[in-house]
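The next block is model_5.cif, given as mmCIF, N, CA and C atoms.
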```
data_protein
loop_
_atom_site.label_atom_id
_atom_site.label_comp_id
_atom_site.auth_asym_id
_atom_site.auth_seq_id
_atom_site.Cartn_x
_atom_site.Cartn_y
_atom_site.Cartn_z
N MET L 1 43.17 -18.33 28.74
CA MET L 1 43.35 -18.32 27.31
C MET L 1 42.29 -19.18 26.63
N HIS L 2 41.95 -20.28 27.28
CA HIS L 2 40.95 -21.18 26.72
C HIS L 2 39.60 -20.47 26.55
N ARG L 3 39.26 -19.60 27.54
CA ARG L 3 38.00 -18.85 27.46
C ARG L 3 37.99 -17.89 26.27
N VAL L 4 39.08 -17.23 26.02
CA VAL L 4 39.17 -16.28 24.92
C VAL L 4 38.96 -17.01 23.59
N THR L 5 39.55 -18.17 23.45
CA THR L 5 39.38 -18.96 22.23
C THR L 5 37.93 -19.40 22.07
N LYS L 6 37.32 -19.80 23.16
CA LYS L 6 35.92 -20.23 23.13
C LYS L 6 35.02 -19.06 22.73
N TRP L 7 35.25 -17.87 23.31
CA TRP L 7 34.45 -16.69 22.98
C TRP L 7 34.68 -16.27 21.53
N ALA L 8 35.89 -16.32 21.07
CA ALA L 8 36.19 -15.95 19.68
C ALA L 8 35.48 -16.90 18.72
N ALA L 9 35.44 -18.19 19.06
CA ALA L 9 34.75 -19.17 18.21
C ALA L 9 33.25 -18.89 18.20
N LEU L 10 32.69 -18.56 19.36
CA LEU L 10 31.26 -18.25 19.44
C LEU L 10 30.92 -16.98 18.65
N VAL L 11 31.76 -15.97 18.75
CA VAL L 11 31.53 -14.73 18.01
C VAL L 11 31.61 -15.00 16.51
N ALA L 12 32.60 -15.77 16.09
CA ALA L 12 32.74 -16.11 14.67
C ALA L 12 31.53 -16.90 14.18
N LEU L 13 31.06 -17.83 14.98
CA LEU L 13 29.88 -18.61 14.62
C LEU L 13 28.65 -17.71 14.53
N GLY L 14 28.49 -16.81 15.48
CA GLY L 14 27.35 -15.88 15.46
C GLY L 14 27.37 -14.99 14.23
N ILE L 15 28.53 -14.47 13.88
CA ILE L 15 28.64 -13.62 12.69
C ILE L 15 28.33 -14.44 11.44
N GLY L 16 28.79 -15.67 11.41
CA GLY L 16 28.51 -16.54 10.26
C GLY L 16 27.02 -16.82 10.11
N VAL L 17 26.35 -17.05 11.21
CA VAL L 17 24.91 -17.30 11.18
C VAL L 17 24.16 -16.06 10.72
N LEU L 18 24.54 -14.90 11.23
CA LEU L 18 23.88 -13.66 10.84
C LEU L 18 24.17 -13.29 9.38
N ALA L 19 25.35 -13.62 8.91
CA ALA L 19 25.72 -13.27 7.53
C ALA L 19 25.00 -14.15 6.52
N ALA L 20 24.68 -15.35 6.90
CA ALA L 20 23.97 -16.26 5.99
C ALA L 20 22.50 -15.90 6.01
N ALA L 21 22.04 -15.26 4.97
CA ALA L 21 20.65 -14.80 4.91
C ALA L 21 19.71 -15.98 4.64
N PRO L 22 18.52 -15.95 5.24
CA PRO L 22 17.54 -16.99 4.96
C PRO L 22 17.06 -16.88 3.51
N PRO L 23 16.49 -17.95 2.97
CA PRO L 23 16.05 -17.94 1.57
C PRO L 23 15.08 -16.81 1.23
N GLU L 24 14.21 -16.41 2.19
CA GLU L 24 13.26 -15.34 1.92
C GLU L 24 13.98 -14.03 1.64
N ALA L 25 15.09 -13.80 2.35
CA ALA L 25 15.82 -12.55 2.19
C ALA L 25 16.58 -12.53 0.86
N GLN L 26 16.89 -13.70 0.31
CA GLN L 26 17.61 -13.78 -0.95
C GLN L 26 16.67 -13.71 -2.14
N ALA L 27 15.38 -13.77 -1.89
CA ALA L 27 14.40 -13.74 -2.97
C ALA L 27 14.46 -12.40 -3.70
N ARG L 28 14.00 -12.42 -4.92
CA ARG L 28 13.98 -11.22 -5.76
C ARG L 28 13.12 -10.15 -5.08
N PRO L 29 13.59 -8.90 -5.05
CA PRO L 29 12.78 -7.84 -4.43
C PRO L 29 11.50 -7.62 -5.22
N GLY L 30 10.54 -6.97 -4.59
CA GLY L 30 9.25 -6.73 -5.23
C GLY L 30 9.38 -5.86 -6.47
N PRO L 31 8.32 -5.75 -7.23
CA PRO L 31 8.38 -4.98 -8.47
C PRO L 31 8.47 -3.48 -8.19
N LYS L 32 8.90 -2.76 -9.18
CA LYS L 32 8.93 -1.30 -9.09
C LYS L 32 7.52 -0.82 -9.44
N ILE L 33 6.89 -0.13 -8.51
CA ILE L 33 5.55 0.39 -8.74
C ILE L 33 5.69 1.85 -9.16
N GLU L 34 5.18 2.16 -10.34
CA GLU L 34 5.24 3.51 -10.86
C GLU L 34 3.82 4.09 -10.81
N TRP L 35 3.65 5.16 -10.06
CA TRP L 35 2.36 5.82 -9.96
C TRP L 35 2.31 6.88 -11.06
N VAL L 36 1.67 6.55 -12.17
CA VAL L 36 1.58 7.45 -13.31
C VAL L 36 0.78 8.69 -12.95
N ARG L 37 -0.30 8.47 -12.23
CA ARG L 37 -1.18 9.59 -11.88
C ARG L 37 -1.94 9.25 -10.60
N VAL L 38 -2.01 10.21 -9.68
CA VAL L 38 -2.81 10.07 -8.46
C VAL L 38 -3.61 11.36 -8.33
N ASP L 39 -4.93 11.27 -8.52
CA ASP L 39 -5.81 12.44 -8.49
C ASP L 39 -6.72 12.40 -7.28
N VAL L 40 -6.85 13.56 -6.64
CA VAL L 40 -7.73 13.75 -5.50
C VAL L 40 -8.63 14.92 -5.83
N PRO L 41 -9.93 14.85 -5.48
CA PRO L 41 -10.84 15.97 -5.78
C PRO L 41 -10.35 17.29 -5.18
N GLU L 42 -10.57 18.35 -5.91
CA GLU L 42 -10.20 19.69 -5.43
C GLU L 42 -11.05 20.05 -4.22
N GLY L 43 -10.48 20.83 -3.35
CA GLY L 43 -11.19 21.27 -2.16
C GLY L 43 -10.23 21.94 -1.21
N GLN L 44 -10.72 22.30 -0.04
CA GLN L 44 -9.90 23.02 0.90
C GLN L 44 -8.77 22.16 1.48
N ASP L 45 -8.98 20.87 1.60
CA ASP L 45 -7.96 19.97 2.15
C ASP L 45 -7.35 19.06 1.10
N ALA L 46 -7.39 19.45 -0.16
CA ALA L 46 -6.95 18.57 -1.24
C ALA L 46 -5.47 18.18 -1.11
N ALA L 47 -4.62 19.12 -0.76
CA ALA L 47 -3.18 18.82 -0.65
C ALA L 47 -2.92 17.83 0.48
N ARG L 48 -3.56 18.04 1.63
CA ARG L 48 -3.38 17.13 2.76
C ARG L 48 -3.91 15.74 2.44
N ARG L 49 -5.08 15.69 1.82
CA ARG L 49 -5.67 14.41 1.45
C ARG L 49 -4.82 13.68 0.41
N ALA L 50 -4.28 14.42 -0.55
CA ALA L 50 -3.43 13.82 -1.58
C ALA L 50 -2.19 13.21 -0.94
N LYS L 51 -1.59 13.92 0.01
CA LYS L 51 -0.40 13.41 0.69
C LYS L 51 -0.72 12.12 1.45
N ILE L 52 -1.82 12.13 2.19
CA ILE L 52 -2.23 10.94 2.95
C ILE L 52 -2.50 9.78 2.00
N PHE L 53 -3.22 10.05 0.90
CA PHE L 53 -3.58 9.00 -0.04
C PHE L 53 -2.34 8.41 -0.72
N LYS L 54 -1.41 9.25 -1.10
CA LYS L 54 -0.17 8.76 -1.74
C LYS L 54 0.64 7.90 -0.77
N GLN L 55 0.70 8.31 0.49
CA GLN L 55 1.40 7.50 1.49
C GLN L 55 0.72 6.16 1.69
N ALA L 56 -0.61 6.17 1.72
CA ALA L 56 -1.37 4.93 1.89
C ALA L 56 -1.17 4.01 0.69
N LEU L 57 -1.15 4.58 -0.52
CA LEU L 57 -0.93 3.77 -1.72
C LEU L 57 0.46 3.14 -1.71
N ALA L 58 1.46 3.92 -1.34
CA ALA L 58 2.83 3.40 -1.29
C ALA L 58 2.95 2.28 -0.27
N GLN L 59 2.34 2.46 0.89
CA GLN L 59 2.36 1.43 1.93
C GLN L 59 1.65 0.17 1.46
N ALA L 60 0.50 0.33 0.84
CA ALA L 60 -0.26 -0.82 0.35
C ALA L 60 0.52 -1.55 -0.75
N ALA L 61 1.19 -0.81 -1.61
CA ALA L 61 1.96 -1.42 -2.70
C ALA L 61 3.14 -2.22 -2.16
N ARG L 62 3.74 -1.76 -1.05
CA ARG L 62 4.86 -2.51 -0.45
C ARG L 62 4.40 -3.87 0.07
N HIS L 63 3.16 -3.94 0.53
CA HIS L 63 2.65 -5.18 1.12
C HIS L 63 1.94 -6.08 0.11
N ALA L 64 1.59 -5.55 -1.04
CA ALA L 64 0.83 -6.33 -2.03
C ALA L 64 1.77 -7.25 -2.80
N SER L 65 1.22 -8.35 -3.26
CA SER L 65 1.98 -9.31 -4.06
C SER L 65 1.58 -9.15 -5.52
N PHE L 66 2.49 -8.62 -6.32
CA PHE L 66 2.24 -8.41 -7.74
C PHE L 66 2.76 -9.57 -8.59
N GLY L 67 3.14 -10.66 -7.95
CA GLY L 67 3.61 -11.82 -8.70
C GLY L 67 5.00 -11.59 -9.27
N LYS L 68 5.20 -12.03 -10.50
CA LYS L 68 6.52 -11.98 -11.12
C LYS L 68 6.77 -10.69 -11.91
N ALA L 69 5.84 -9.77 -11.87
CA ALA L 69 6.00 -8.51 -12.61
C ALA L 69 7.21 -7.75 -12.08
N ARG L 70 7.95 -7.15 -12.99
CA ARG L 70 9.13 -6.36 -12.60
C ARG L 70 8.78 -4.89 -12.42
N THR L 71 7.93 -4.37 -13.29
CA THR L 71 7.50 -2.97 -13.22
C THR L 71 6.00 -2.92 -13.46
N VAL L 72 5.31 -2.17 -12.64
CA VAL L 72 3.87 -2.02 -12.78
C VAL L 72 3.54 -0.53 -12.77
N ALA L 73 2.87 -0.06 -13.82
CA ALA L 73 2.47 1.35 -13.91
C ALA L 73 0.98 1.44 -13.58
N LEU L 74 0.66 2.23 -12.58
CA LEU L 74 -0.72 2.36 -12.11
C LEU L 74 -1.14 3.82 -12.07
N SER L 75 -2.41 4.05 -12.32
CA SER L 75 -2.98 5.38 -12.12
C SER L 75 -4.22 5.23 -11.24
N VAL L 76 -4.43 6.21 -10.37
CA VAL L 76 -5.51 6.14 -9.39
C VAL L 76 -6.16 7.51 -9.27
N ARG L 77 -7.47 7.50 -9.08
CA ARG L 77 -8.15 8.76 -8.80
C ARG L 77 -9.30 8.51 -7.85
N ILE L 78 -9.49 9.45 -6.96
CA ILE L 78 -10.63 9.40 -6.05
C ILE L 78 -11.78 10.07 -6.77
N THR L 79 -12.84 9.32 -7.01
CA THR L 79 -13.99 9.87 -7.73
C THR L 79 -15.00 10.50 -6.80
N GLU L 80 -15.02 10.05 -5.55
CA GLU L 80 -15.97 10.59 -4.57
C GLU L 80 -15.31 10.63 -3.20
N LEU L 81 -15.44 11.74 -2.54
CA LEU L 81 -14.99 11.86 -1.15
C LEU L 81 -15.91 12.87 -0.48
N THR L 82 -16.89 12.34 0.25
CA THR L 82 -17.86 13.21 0.91
C THR L 82 -17.78 13.01 2.42
N VAL L 83 -17.95 14.11 3.13
CA VAL L 83 -17.96 14.09 4.59
C VAL L 83 -19.27 14.70 5.04
N GLU L 84 -20.08 13.94 5.76
CA GLU L 84 -21.39 14.39 6.22
C GLU L 84 -21.49 14.20 7.72
N ARG L 85 -22.12 15.16 8.36
CA ARG L 85 -22.33 15.04 9.80
C ARG L 85 -23.81 14.86 10.07
N HIS L 86 -24.14 13.78 10.76
CA HIS L 86 -25.52 13.48 11.15
C HIS L 86 -25.54 13.37 12.67
N ASP L 87 -26.06 14.41 13.32
CA ASP L 87 -26.11 14.48 14.78
C ASP L 87 -24.71 14.30 15.37
N ASP L 88 -24.48 13.18 16.03
CA ASP L 88 -23.19 12.98 16.68
C ASP L 88 -22.31 11.97 15.94
N VAL L 89 -22.56 11.77 14.63
CA VAL L 89 -21.77 10.84 13.83
C VAL L 89 -21.28 11.54 12.57
N LEU L 90 -20.02 11.36 12.28
CA LEU L 90 -19.43 11.87 11.05
C LEU L 90 -19.30 10.70 10.08
N ARG L 91 -19.93 10.82 8.91
CA ARG L 91 -19.90 9.75 7.92
C ARG L 91 -19.04 10.20 6.75
N ILE L 92 -18.06 9.36 6.37
CA ILE L 92 -17.18 9.65 5.25
C ILE L 92 -17.38 8.57 4.19
N ASN L 93 -17.69 9.00 2.97
CA ASN L 93 -17.86 8.10 1.83
C ASN L 93 -16.71 8.36 0.86
N CYS L 94 -16.07 7.29 0.42
CA CYS L 94 -14.94 7.46 -0.49
C CYS L 94 -14.97 6.35 -1.54
N THR L 95 -14.82 6.76 -2.80
CA THR L 95 -14.73 5.82 -3.91
C THR L 95 -13.48 6.17 -4.70
N ALA L 96 -12.66 5.17 -4.98
CA ALA L 96 -11.45 5.38 -5.77
C ALA L 96 -11.42 4.36 -6.91
N MET L 97 -10.91 4.81 -8.04
CA MET L 97 -10.77 3.94 -9.20
C MET L 97 -9.30 3.89 -9.58
N GLY L 98 -8.83 2.71 -9.91
CA GLY L 98 -7.45 2.53 -10.32
C GLY L 98 -7.38 1.76 -11.62
N ARG L 99 -6.30 1.97 -12.34
CA ARG L 99 -6.13 1.31 -13.63
C ARG L 99 -4.68 0.93 -13.82
N ILE L 100 -4.48 -0.25 -14.38
CA ILE L 100 -3.16 -0.69 -14.78
C ILE L 100 -2.91 -0.10 -16.16
N LYS L 101 -1.74 0.50 -16.36
CA LYS L 101 -1.45 1.14 -17.64
C LYS L 101 -1.59 0.11 -18.76
N GLY L 102 -2.48 0.43 -19.70
CA GLY L 102 -2.73 -0.46 -20.83
C GLY L 102 -3.54 -1.69 -20.47
N GLY L 103 -4.19 -1.67 -19.32
CA GLY L 103 -4.94 -2.85 -18.90
C GLY L 103 -6.23 -2.49 -18.19
N PRO L 104 -6.79 -3.46 -17.49
CA PRO L 104 -8.07 -3.24 -16.81
C PRO L 104 -7.93 -2.40 -15.55
N GLY L 105 -9.06 -2.07 -14.98
CA GLY L 105 -9.09 -1.25 -13.78
C GLY L 105 -9.87 -1.91 -12.66
N ALA L 106 -9.93 -1.21 -11.55
CA ALA L 106 -10.64 -1.71 -10.38
C ALA L 106 -11.21 -0.51 -9.62
N ARG L 107 -12.16 -0.80 -8.74
CA ARG L 107 -12.78 0.25 -7.94
C ARG L 107 -12.89 -0.22 -6.50
N SER L 108 -12.71 0.72 -5.58
CA SER L 108 -12.84 0.44 -4.16
C SER L 108 -13.72 1.51 -3.55
N LYS L 109 -14.67 1.09 -2.72
CA LYS L 109 -15.61 2.03 -2.12
C LYS L 109 -15.76 1.71 -0.64
N ILE L 110 -15.70 2.76 0.18
CA ILE L 110 -15.82 2.60 1.63
C ILE L 110 -16.75 3.69 2.15
N SER L 111 -17.60 3.33 3.10
CA SER L 111 -18.41 4.28 3.84
C SER L 111 -18.15 3.98 5.31
N TYR L 112 -17.73 5.01 6.04
CA TYR L 112 -17.28 4.78 7.40
C TYR L 112 -17.74 5.93 8.28
N GLY L 113 -18.08 5.63 9.51
CA GLY L 113 -18.54 6.67 10.42
C GLY L 113 -17.79 6.65 11.73
N GLY L 114 -17.84 7.79 12.42
CA GLY L 114 -17.15 7.88 13.69
C GLY L 114 -17.41 9.19 14.39
N ASP L 115 -16.58 9.49 15.36
CA ASP L 115 -16.69 10.68 16.20
C ASP L 115 -16.34 11.94 15.39
N PRO L 116 -17.23 12.93 15.34
CA PRO L 116 -16.95 14.16 14.58
C PRO L 116 -15.72 14.92 15.06
N ASP L 117 -15.34 14.75 16.31
CA ASP L 117 -14.17 15.44 16.84
C ASP L 117 -12.86 14.84 16.33
N ARG L 118 -12.93 13.68 15.69
CA ARG L 118 -11.74 13.00 15.18
C ARG L 118 -11.76 12.92 13.66
N ARG L 119 -12.14 14.00 13.03
CA ARG L 119 -12.32 14.03 11.58
C ARG L 119 -11.04 13.67 10.81
N ASP L 120 -9.92 14.28 11.16
CA ASP L 120 -8.67 14.01 10.44
C ASP L 120 -8.26 12.54 10.53
N GLU L 121 -8.43 11.98 11.72
CA GLU L 121 -8.09 10.57 11.92
C GLU L 121 -9.01 9.66 11.10
N LEU L 122 -10.31 9.99 11.06
CA LEU L 122 -11.26 9.21 10.26
C LEU L 122 -10.95 9.29 8.77
N GLU L 123 -10.61 10.49 8.28
CA GLU L 123 -10.26 10.64 6.87
C GLU L 123 -9.04 9.80 6.53
N ARG L 124 -8.03 9.84 7.39
CA ARG L 124 -6.82 9.04 7.17
C ARG L 124 -7.16 7.54 7.12
N GLN L 125 -8.01 7.12 8.04
CA GLN L 125 -8.39 5.71 8.09
C GLN L 125 -9.16 5.30 6.84
N VAL L 126 -10.08 6.13 6.39
CA VAL L 126 -10.87 5.83 5.20
C VAL L 126 -9.97 5.78 3.95
N LEU L 127 -9.11 6.77 3.80
CA LEU L 127 -8.22 6.80 2.64
C LEU L 127 -7.27 5.60 2.65
N THR L 128 -6.83 5.18 3.82
CA THR L 128 -5.96 4.01 3.93
C THR L 128 -6.71 2.73 3.54
N MET L 129 -7.94 2.59 4.00
CA MET L 129 -8.73 1.41 3.67
C MET L 129 -9.01 1.33 2.17
N VAL L 130 -9.36 2.46 1.57
CA VAL L 130 -9.63 2.49 0.14
C VAL L 130 -8.36 2.14 -0.64
N ALA L 131 -7.23 2.70 -0.24
CA ALA L 131 -5.96 2.42 -0.92
C ALA L 131 -5.60 0.93 -0.80
N ASN L 132 -5.77 0.36 0.38
CA ASN L 132 -5.46 -1.06 0.58
C ASN L 132 -6.32 -1.95 -0.33
N GLY L 133 -7.61 -1.68 -0.36
CA GLY L 133 -8.51 -2.48 -1.20
C GLY L 133 -8.20 -2.34 -2.67
N LEU L 134 -7.94 -1.13 -3.11
CA LEU L 134 -7.67 -0.87 -4.52
C LEU L 134 -6.36 -1.52 -4.97
N VAL L 135 -5.31 -1.34 -4.19
CA VAL L 135 -4.01 -1.91 -4.56
C VAL L 135 -4.06 -3.44 -4.52
N ALA L 136 -4.77 -4.00 -3.55
CA ALA L 136 -4.89 -5.46 -3.48
C ALA L 136 -5.58 -6.01 -4.73
N ARG L 137 -6.62 -5.34 -5.17
CA ARG L 137 -7.34 -5.79 -6.38
C ARG L 137 -6.48 -5.61 -7.62
N LEU L 138 -5.78 -4.50 -7.74
CA LEU L 138 -4.90 -4.29 -8.89
C LEU L 138 -3.77 -5.31 -8.91
N ALA L 139 -3.24 -5.66 -7.75
CA ALA L 139 -2.18 -6.68 -7.67
C ALA L 139 -2.74 -8.03 -8.11
N GLN L 140 -3.96 -8.33 -7.73
CA GLN L 140 -4.59 -9.58 -8.14
C GLN L 140 -4.74 -9.63 -9.67
N ILE L 141 -5.11 -8.51 -10.26
CA ILE L 141 -5.25 -8.43 -11.72
C ILE L 141 -3.90 -8.64 -12.39
N VAL L 142 -2.85 -8.00 -11.86
CA VAL L 142 -1.50 -8.16 -12.43
C VAL L 142 -1.05 -9.61 -12.35
N ARG L 143 -1.30 -10.27 -11.21
CA ARG L 143 -0.93 -11.68 -11.08
C ARG L 143 -1.70 -12.53 -12.09
N GLY L 144 -2.98 -12.23 -12.26
CA GLY L 144 -3.80 -12.97 -13.23
C GLY L 144 -3.30 -12.79 -14.66
N GLN L 145 -2.87 -11.59 -15.00
CA GLN L 145 -2.34 -11.33 -16.33
C GLN L 145 -1.05 -12.12 -16.55
N ALA L 146 -0.22 -12.23 -15.53
CA ALA L 146 1.03 -12.97 -15.65
C ALA L 146 0.75 -14.46 -15.86
N GLU L 147 -0.27 -14.98 -15.18
CA GLU L 147 -0.63 -16.40 -15.33
C GLU L 147 -1.15 -16.69 -16.74
N GLN L 148 -1.82 -15.70 -17.35
CA GLN L 148 -2.37 -15.89 -18.68
C GLN L 148 -1.29 -15.71 -19.75
N GLY L 149 -0.10 -15.29 -19.32
CA GLY L 149 1.00 -15.16 -20.26
C GLY L 149 1.05 -13.85 -21.02
N ARG L 150 0.46 -12.83 -20.46
CA ARG L 150 0.47 -11.52 -21.12
C ARG L 150 1.77 -10.82 -20.91
#
```
Output the file's structure in the form of C-alpha cells.
Amino acid sequence: MHRVTKWAALVALGIGVLAAAPPEAQARPGPKIEWVRVDVPEGQDAARRAKIFKQALAQAARHASFGKARTVALSVRITELTVERHDDVLRINCTAMGRIKGGPGARSKISYGGDPDRRDELERQVLTMVANGLVARLAQIVRGQAEQGR
C-alpha cells in the first residue's frame, strides 16, 4: 500500500510540473501576419512556385520577431526569377520586394547555383532563402517603427 501512495504522489507531482507552463509559454503569442498580396511572375511553373513561396513566407513569419505589433499587413512580389544553365551548373537568380501596408519596403536578392538535375530542389531553396531574408528585414522595420512610437 505504501508503494501505491508513493507512486500516486509522484504522478500527481509530475502532472503538476507539466501543467505549470514556463514563462516563455505564457508569453503573448506572435502577431497575426496578414499577407495582403503575394505575386509570382507568370510562367509554366507559376502555380508551383507561388505555393512554395507562400509556404516559405509563412514559415519565415512564424520565426521572425515583429516586436509588440499585434497585426502586420504585408505584400510581397517576386520581381525577378531567372533560371540559366551554364554547362554543368544551374544558376537561379531571384529578387523579391516586400512592403508593410502604409509603410516602407524591403528587397531581398539571391543568386544561387547547383546541379541541373536538382532544379526543383534548387528553386525551393532559393525561394526559401529570399523569403527568409525579406521577412527578417520587414520584421526589423516593424520593430523599428514600434520603437519610434508609430
Which of these residues is nearest to Arg49 in chain L, using only C-alpha atoms: L:Thr71, L:Thr128, L:Ser65, L:Thr5?
-> L:Thr128
From a DSSP pass on the backbone, collect the residues of range 55-86 of chain L flagged as helix (DSSP H, G or I) and hand them back as a ChimeraX atom specification.
-> /L:55-63
Determine the nearest neighbour of Gly30 in chain L from the options L:Arg91, L:Arg62, L:His86, L:Arg124, counting all atoms listed in the file.
->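 Of the candidates, the smallest distance to Gly30 in chain L is held by L:Arg62.
Minimum atom-to-atom distances from L:Val130, L:Ala61, L:Arg70, L:Gln145 to Cys94 in chain L were compared using all atoms listed in the file, and the lowest value belongs to L:Val130.
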Any idea what's packed within 9 Å of Gly133 in chain L, counting only C-alpha atoms, ignoring anything in its chain fewer than 6 positions away? Could you give it as number ranges by chain?
-> L: 60, 107-109
Run the PyMOL selection byres ((chain L and resi 57) around 8) on the file and write out the hits as an NGL selection string.
-> :L and (51-56 or 58-63 or 127-128 or 130-132 or 135)
For the residues in the current selection, export N, CA and C atoms as a short mmCIF file (atom, residue, chain, number, x, y, z; two decimals), keeping the file's coordinate frame.
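Dumped everything to part08.cif:
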```cif
data_model
loop_
_atom_site.label_atom_id
_atom_site.label_comp_id
_atom_site.auth_asym_id
_atom_site.auth_seq_id
_atom_site.Cartn_x
_atom_site.Cartn_y
_atom_site.Cartn_z
N LYS L 51 -1.59 13.92 0.01
CA LYS L 51 -0.40 13.41 0.69
C LYS L 51 -0.72 12.12 1.45
N ILE L 52 -1.82 12.13 2.19
CA ILE L 52 -2.23 10.94 2.95
C ILE L 52 -2.50 9.78 2.00
N PHE L 53 -3.22 10.05 0.90
CA PHE L 53 -3.58 9.00 -0.04
C PHE L 53 -2.34 8.41 -0.72
N LYS L 54 -1.41 9.25 -1.10
CA LYS L 54 -0.17 8.76 -1.74
C LYS L 54 0.64 7.90 -0.77
N GLN L 55 0.70 8.31 0.49
CA GLN L 55 1.40 7.50 1.49
C GLN L 55 0.72 6.16 1.69
N ALA L 56 -0.61 6.17 1.72
CA ALA L 56 -1.37 4.93 1.89
C ALA L 56 -1.17 4.01 0.69
N ALA L 58 1.46 3.92 -1.34
CA ALA L 58 2.83 3.40 -1.29
C ALA L 58 2.95 2.28 -0.27
N GLN L 59 2.34 2.46 0.89
CA GLN L 59 2.36 1.43 1.93
C GLN L 59 1.65 0.17 1.46
N ALA L 60 0.50 0.33 0.84
CA ALA L 60 -0.26 -0.82 0.35
C ALA L 60 0.52 -1.55 -0.75
N ALA L 61 1.19 -0.81 -1.61
CA ALA L 61 1.96 -1.42 -2.70
C ALA L 61 3.14 -2.22 -2.16
N ARG L 62 3.74 -1.76 -1.05
CA ARG L 62 4.86 -2.51 -0.45
C ARG L 62 4.40 -3.87 0.07
N HIS L 63 3.16 -3.94 0.53
CA HIS L 63 2.65 -5.18 1.12
C HIS L 63 1.94 -6.08 0.11
N LEU L 127 -9.11 6.77 3.80
CA LEU L 127 -8.22 6.80 2.64
C LEU L 127 -7.27 5.60 2.65
N THR L 128 -6.83 5.18 3.82
CA THR L 128 -5.96 4.01 3.93
C THR L 128 -6.71 2.73 3.54
N VAL L 130 -9.36 2.46 1.57
CA VAL L 130 -9.63 2.49 0.14
C VAL L 130 -8.36 2.14 -0.64
N ALA L 131 -7.23 2.70 -0.24
CA ALA L 131 -5.96 2.42 -0.92
C ALA L 131 -5.60 0.93 -0.80
N ASN L 132 -5.77 0.36 0.38
CA ASN L 132 -5.46 -1.06 0.58
C ASN L 132 -6.32 -1.95 -0.33
N VAL L 135 -5.31 -1.34 -4.19
CA VAL L 135 -4.01 -1.91 -4.56
C VAL L 135 -4.06 -3.44 -4.52
#
```
Counting only C-alpha atoms, figure out which residue out of L:Ala139, L:Met129, L:Val38, L:Ala73 gets nearest to Asn93 in chain L.
-> L:Met129
Give as a PyMOL selection string the set of residues within 7 Å of the point (6.7, -13.4, -15.2), where distances use the file's coordinates and only C-alpha atoms.
-> chain L and resi 68-69+146
Could you pull out the residues in range 88-147 of chain L that DSSP calls strand (DSSP E) from the backbone, as a PyMOL selection string?
-> chain L and resi 89-100+105-114
Could you write out that same residue set with N, CA and C atoms as a short mmCIF file (atom, residue, chain, number, x, y, z; two decimals), in the frame of the given file?
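Final output, again.cif:
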```cif
data_model
loop_
_atom_site.label_atom_id
_atom_site.label_comp_id
_atom_site.auth_asym_id
_atom_site.auth_seq_id
_atom_site.Cartn_x
_atom_site.Cartn_y
_atom_site.Cartn_z
N VAL L 89 -22.56 11.77 14.63
CA VAL L 89 -21.77 10.84 13.83
C VAL L 89 -21.28 11.54 12.57
N LEU L 90 -20.02 11.36 12.28
CA LEU L 90 -19.43 11.87 11.05
C LEU L 90 -19.30 10.70 10.08
N ARG L 91 -19.93 10.82 8.91
CA ARG L 91 -19.90 9.75 7.92
C ARG L 91 -19.04 10.20 6.75
N ILE L 92 -18.06 9.36 6.37
CA ILE L 92 -17.18 9.65 5.25
C ILE L 92 -17.38 8.57 4.19
N ASN L 93 -17.69 9.00 2.97
CA ASN L 93 -17.86 8.10 1.83
C ASN L 93 -16.71 8.36 0.86
N CYS L 94 -16.07 7.29 0.42
CA CYS L 94 -14.94 7.46 -0.49
C CYS L 94 -14.97 6.35 -1.54
N THR L 95 -14.82 6.76 -2.80
CA THR L 95 -14.73 5.82 -3.91
C THR L 95 -13.48 6.17 -4.70
N ALA L 96 -12.66 5.17 -4.98
CA ALA L 96 -11.45 5.38 -5.77
C ALA L 96 -11.42 4.36 -6.91
N MET L 97 -10.91 4.81 -8.04
CA MET L 97 -10.77 3.94 -9.20
C MET L 97 -9.30 3.89 -9.58
N GLY L 98 -8.83 2.71 -9.91
CA GLY L 98 -7.45 2.53 -10.32
C GLY L 98 -7.38 1.76 -11.62
N ARG L 99 -6.30 1.97 -12.34
CA ARG L 99 -6.13 1.31 -13.63
C ARG L 99 -4.68 0.93 -13.82
N ILE L 100 -4.48 -0.25 -14.38
CA ILE L 100 -3.16 -0.69 -14.78
C ILE L 100 -2.91 -0.10 -16.16
N GLY L 105 -9.06 -2.07 -14.98
CA GLY L 105 -9.09 -1.25 -13.78
C GLY L 105 -9.87 -1.91 -12.66
N ALA L 106 -9.93 -1.21 -11.55
CA ALA L 106 -10.64 -1.71 -10.38
C ALA L 106 -11.21 -0.51 -9.62
N ARG L 107 -12.16 -0.80 -8.74
CA ARG L 107 -12.78 0.25 -7.94
C ARG L 107 -12.89 -0.22 -6.50
N SER L 108 -12.71 0.72 -5.58
CA SER L 108 -12.84 0.44 -4.16
C SER L 108 -13.72 1.51 -3.55
N LYS L 109 -14.67 1.09 -2.72
CA LYS L 109 -15.61 2.03 -2.12
C LYS L 109 -15.76 1.71 -0.64
N ILE L 110 -15.70 2.76 0.18
CA ILE L 110 -15.82 2.60 1.63
C ILE L 110 -16.75 3.69 2.15
N SER L 111 -17.60 3.33 3.10
CA SER L 111 -18.41 4.28 3.84
C SER L 111 -18.15 3.98 5.31
N TYR L 112 -17.73 5.01 6.04
CA TYR L 112 -17.28 4.78 7.40
C TYR L 112 -17.74 5.93 8.28
N GLY L 113 -18.08 5.63 9.51
CA GLY L 113 -18.54 6.67 10.42
C GLY L 113 -17.79 6.65 11.73
N GLY L 114 -17.84 7.79 12.42
CA GLY L 114 -17.15 7.88 13.69
C GLY L 114 -17.41 9.19 14.39
#
```
Interatomic distance, CA of Tyr112 in chain L to atom C of Ile92 in chain L (Å, one decimal) |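 Separating CA of Tyr112 in chain L from atom C of Ile92 in chain L is a distance of 5.0 Å.
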Using only N, CA and C atoms, which of L:Gly114, L:Ala50, L:Ala64, L:Leu74 sits nearest Val36 in chain L?
->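 Using only N, CA and C atoms, Val36 in chain L sits closest to L:Leu74.
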Counting all atoms listed in the file, find the residues whose atoms lie at most 8 Å from (-21.5, 9.0, 16.6) (file coordinates) and write them out as number ranges by chain.
-> L: 86-90, 113-116
Can you work out the spacing between CA of Ile110 in chain L and atom C of Ala96 in chain L in Å, to one decimal?
->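 CA of Ile110 in chain L sits 9.8 Å away from atom C of Ala96 in chain L.
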Might you pull out every residue within 6 Å of Gly98 in chain L, with only N, CA and C atoms counted and same-chain residues fewer than 2 positions away left off, and present them as number ranges by chain?
-> L: 75-77, 96, 100, 104-107
